[in-house]
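Take a look at the structure set out below.
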Amino acid sequence: MTTSPGLISKAASHPEQVARKAMQAPELIEAILAGLQSQEARMRFGCAKALRLISEERPELVYPHFDFFVRLLDHPNKILQWEASLILSNLARVDTQEKFTSIFEKYFAPVPGPVMITAANVIRGGARVARAKPDLADRIAAEMLKVGRAKYKTAECRNVAIGHAILALGECFNLLQNRGPVIRFVRGQISNERPATRKKAEQFLERLSADG
């Protein structure tokens, strides 16, 4: 990969500007990818954010590097793992080679624990993947539901992750063929100890009732 010290340095403080520039000149993406190997954390994370922003607006520009981000899921740095999971979810809508199917189990492996933030990012990404690939929606929902038995650092962490799952399941609920397990799961959270999670469950069920 080619490097561009000036571009990488700018990504540390202005990832949005770097992303816009790369969308106009896609050849710069190689340099941003190289920036993920920088010795400075600010530059690594800035480059990762720039790549995520590009993947949100122009996923086709990042898709050729799909396998690179799959490898990043195993990176020792958790922030880079989180960015990779979100980027891969954005690439699902241009996944003409059906690469996501081959990494399905690996992608959703963090949901049962032990790191709540990793699970939450995967759950968020899962909703995007379901919308991009409706044929996977039921399998994705089944993975999200594993959050109910997850083992994170604390019970409160699980309740936070459950809140993320309720929101994500709401985003892809209309795509599901088998909705029963989701409805039962959400109903079970009406008594969740975390007020914010209870509220998410109530709102989900209110929408469900309104839709008939």
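Just so we're on the same page: first chain in the structure tokens is A, next is B, and so on; residues restart at 1 for each chain, and ligands are numbered from 1 in the order they show up.
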I want to know what sits within 9 Å of Arg149 of chain A, based on only C-alpha atoms, with residues of the same chain fewer than 3 positions away left out; could you give that as a PyMOL selection string? chain A and resi 112+145-146+158
For the residues in the current selection, export C-alpha atoms as a PDB file, in the first residue's frame.
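That gives us selection.pdb:
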ATOM      1  CA  PRO A 112     -22.736 -13.603  23.108  1.00  0.00           C
ATOM      2  CA  LEU A 145     -31.425 -12.691  19.998  1.00  0.00           C
ATOM      3  CA  LYS A 146     -28.370 -14.371  21.524  1.00  0.00           C
ATOM      4  CA  ARG A 158     -26.180  -7.015  28.916  1.00  0.00           C
TER       5      ARG A 158
END
Excluding Glu83 of chain A and any residue of its chain fewer than 5 positions from it, enumerate the residues within 12 Å of it, using only C-alpha atoms, and give them as number ranges by chain. A: 36, 44-53, 55-56, 69-70, 72-75, 77-78, 88-90, 117-118, 120-122, 124-125
Enumerate as number ranges by chain all residues of segment 16-204 of chain A assigned to alpha helix (DSSP H) by DSSP on the backbone, naming them with the chain letters and numbers the document uses. A: 16-24, 29-35, 41-57, 59-62, 66-72, 78-91, 99-102, 104-108, 116-132, 137-144, 155-172, 180-187, 195-204
I want to know what sits within 9 Å of Phe173 of chain A, based on only C-alpha atoms, with residues of the same chain fewer than 3 positions away left out; could you give that as a list in words? Ala137, Ala141, Ala168, Leu169, Gly170, Leu176, Gln177, Arg179 and Val182 of chain A
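The nearest approach to Asp135 of chain A among the residues A:Thr101, A:Gln17, A:Gln39, A:Asn159, with only C-alpha atoms taken into account, belongs to A:Thr101.
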Nearby residues (only C-alpha atoms) at most 12 Å from Cys157 of chain A, same-chain spacing under 5 positions excluded, as an MDAnalysis selection string: chainID A and resid 112:120 147:152 162:164 193:194 197
I want to know what sits within 12 Å of Gln203 of chain A, based on only C-alpha atoms, with residues of the same chain fewer than 4 positions away left out; could you give that as a ChimeraX atom specification? /A:163,166-167,170,186-187,189-190,196-199,207-210
Dump as an mmCIF file, in the first residue's frame, selection limited to N, CA and C atoms:
data_model
loop_
_atom_site.group_PDB
_atom_site.id
_atom_site.type_symbol
_atom_site.label_atom_id
_atom_site.label_comp_id
_atom_site.auth_asym_id
_atom_site.auth_seq_id
_atom_site.Cartn_x
_atom_site.Cartn_y
_atom_site.Cartn_z
ATOM 1 N N GLY A 163 -30.860 -3.350 24.680
ATOM 2 C CA GLY A 163 -31.465 -2.146 24.118
ATOM 3 C C GLY A 163 -31.043 -1.926 22.675
ATOM 4 N N ILE A 166 -32.949 -4.453 20.518
ATOM 5 C CA ILE A 166 -34.352 -4.103 20.269
ATOM 6 C C ILE A 166 -34.458 -3.084 19.135
ATOM 7 N N LEU A 167 -33.595 -2.081 19.166
ATOM 8 C CA LEU A 167 -33.605 -1.075 18.098
ATOM 9 C C LEU A 167 -33.270 -1.705 16.750
ATOM 10 N N GLY A 170 -35.997 -3.827 15.417
ATOM 11 C CA GLY A 170 -37.067 -2.975 14.898
ATOM 12 C C GLY A 170 -36.795 -2.499 13.489
ATOM 13 N N VAL A 186 -38.822 -9.251 22.894
ATOM 14 C CA VAL A 186 -39.086 -7.852 23.239
ATOM 15 C C VAL A 186 -40.090 -7.765 24.381
ATOM 16 N N ARG A 187 -41.120 -8.595 24.359
ATOM 17 C CA ARG A 187 -42.088 -8.588 25.456
ATOM 18 C C ARG A 187 -41.414 -8.909 26.790
ATOM 19 N N GLN A 189 -38.669 -7.934 27.740
ATOM 20 C CA GLN A 189 -37.854 -6.806 28.209
ATOM 21 C C GLN A 189 -38.704 -5.681 28.804
ATOM 22 N N ILE A 190 -40.007 -5.868 28.851
ATOM 23 C CA ILE A 190 -40.878 -4.876 29.478
ATOM 24 C C ILE A 190 -40.528 -4.716 30.961
ATOM 25 N N ALA A 196 -34.067 2.676 30.225
ATOM 26 C CA ALA A 196 -33.960 2.994 28.799
ATOM 27 C C ALA A 196 -34.281 1.782 27.932
ATOM 28 N N THR A 197 -33.891 0.614 28.401
ATOM 29 C CA THR A 197 -34.177 -0.608 27.651
ATOM 30 C C THR A 197 -35.664 -0.951 27.731
ATOM 31 N N ARG A 198 -36.249 -0.789 28.910
ATOM 32 C CA ARG A 198 -37.698 -0.987 29.029
ATOM 33 C C ARG A 198 -38.446 -0.082 28.060
ATOM 34 N N LYS A 199 -38.011 1.164 27.978
ATOM 35 C CA LYS A 199 -38.672 2.128 27.094
ATOM 36 C C LYS A 199 -38.574 1.689 25.639
ATOM 37 N N ARG A 207 -45.406 0.287 18.398
ATOM 38 C CA ARG A 207 -45.379 0.352 16.937
ATOM 39 C C ARG A 207 -46.001 -0.901 16.330
ATOM 40 N N LEU A 208 -45.699 -2.039 16.937
ATOM 41 C CA LEU A 208 -46.234 -3.305 16.453
ATOM 42 C C LEU A 208 -47.760 -3.300 16.548
ATOM 43 N N SER A 209 -48.276 -2.780 17.662
ATOM 44 C CA SER A 209 -49.723 -2.713 17.855
ATOM 45 C C SER A 209 -50.367 -1.746 16.863
ATOM 46 N N ALA A 210 -49.696 -0.624 16.626
ATOM 47 C CA ALA A 210 -50.230 0.378 15.706
ATOM 48 C C ALA A 210 -50.283 -0.128 14.279
#
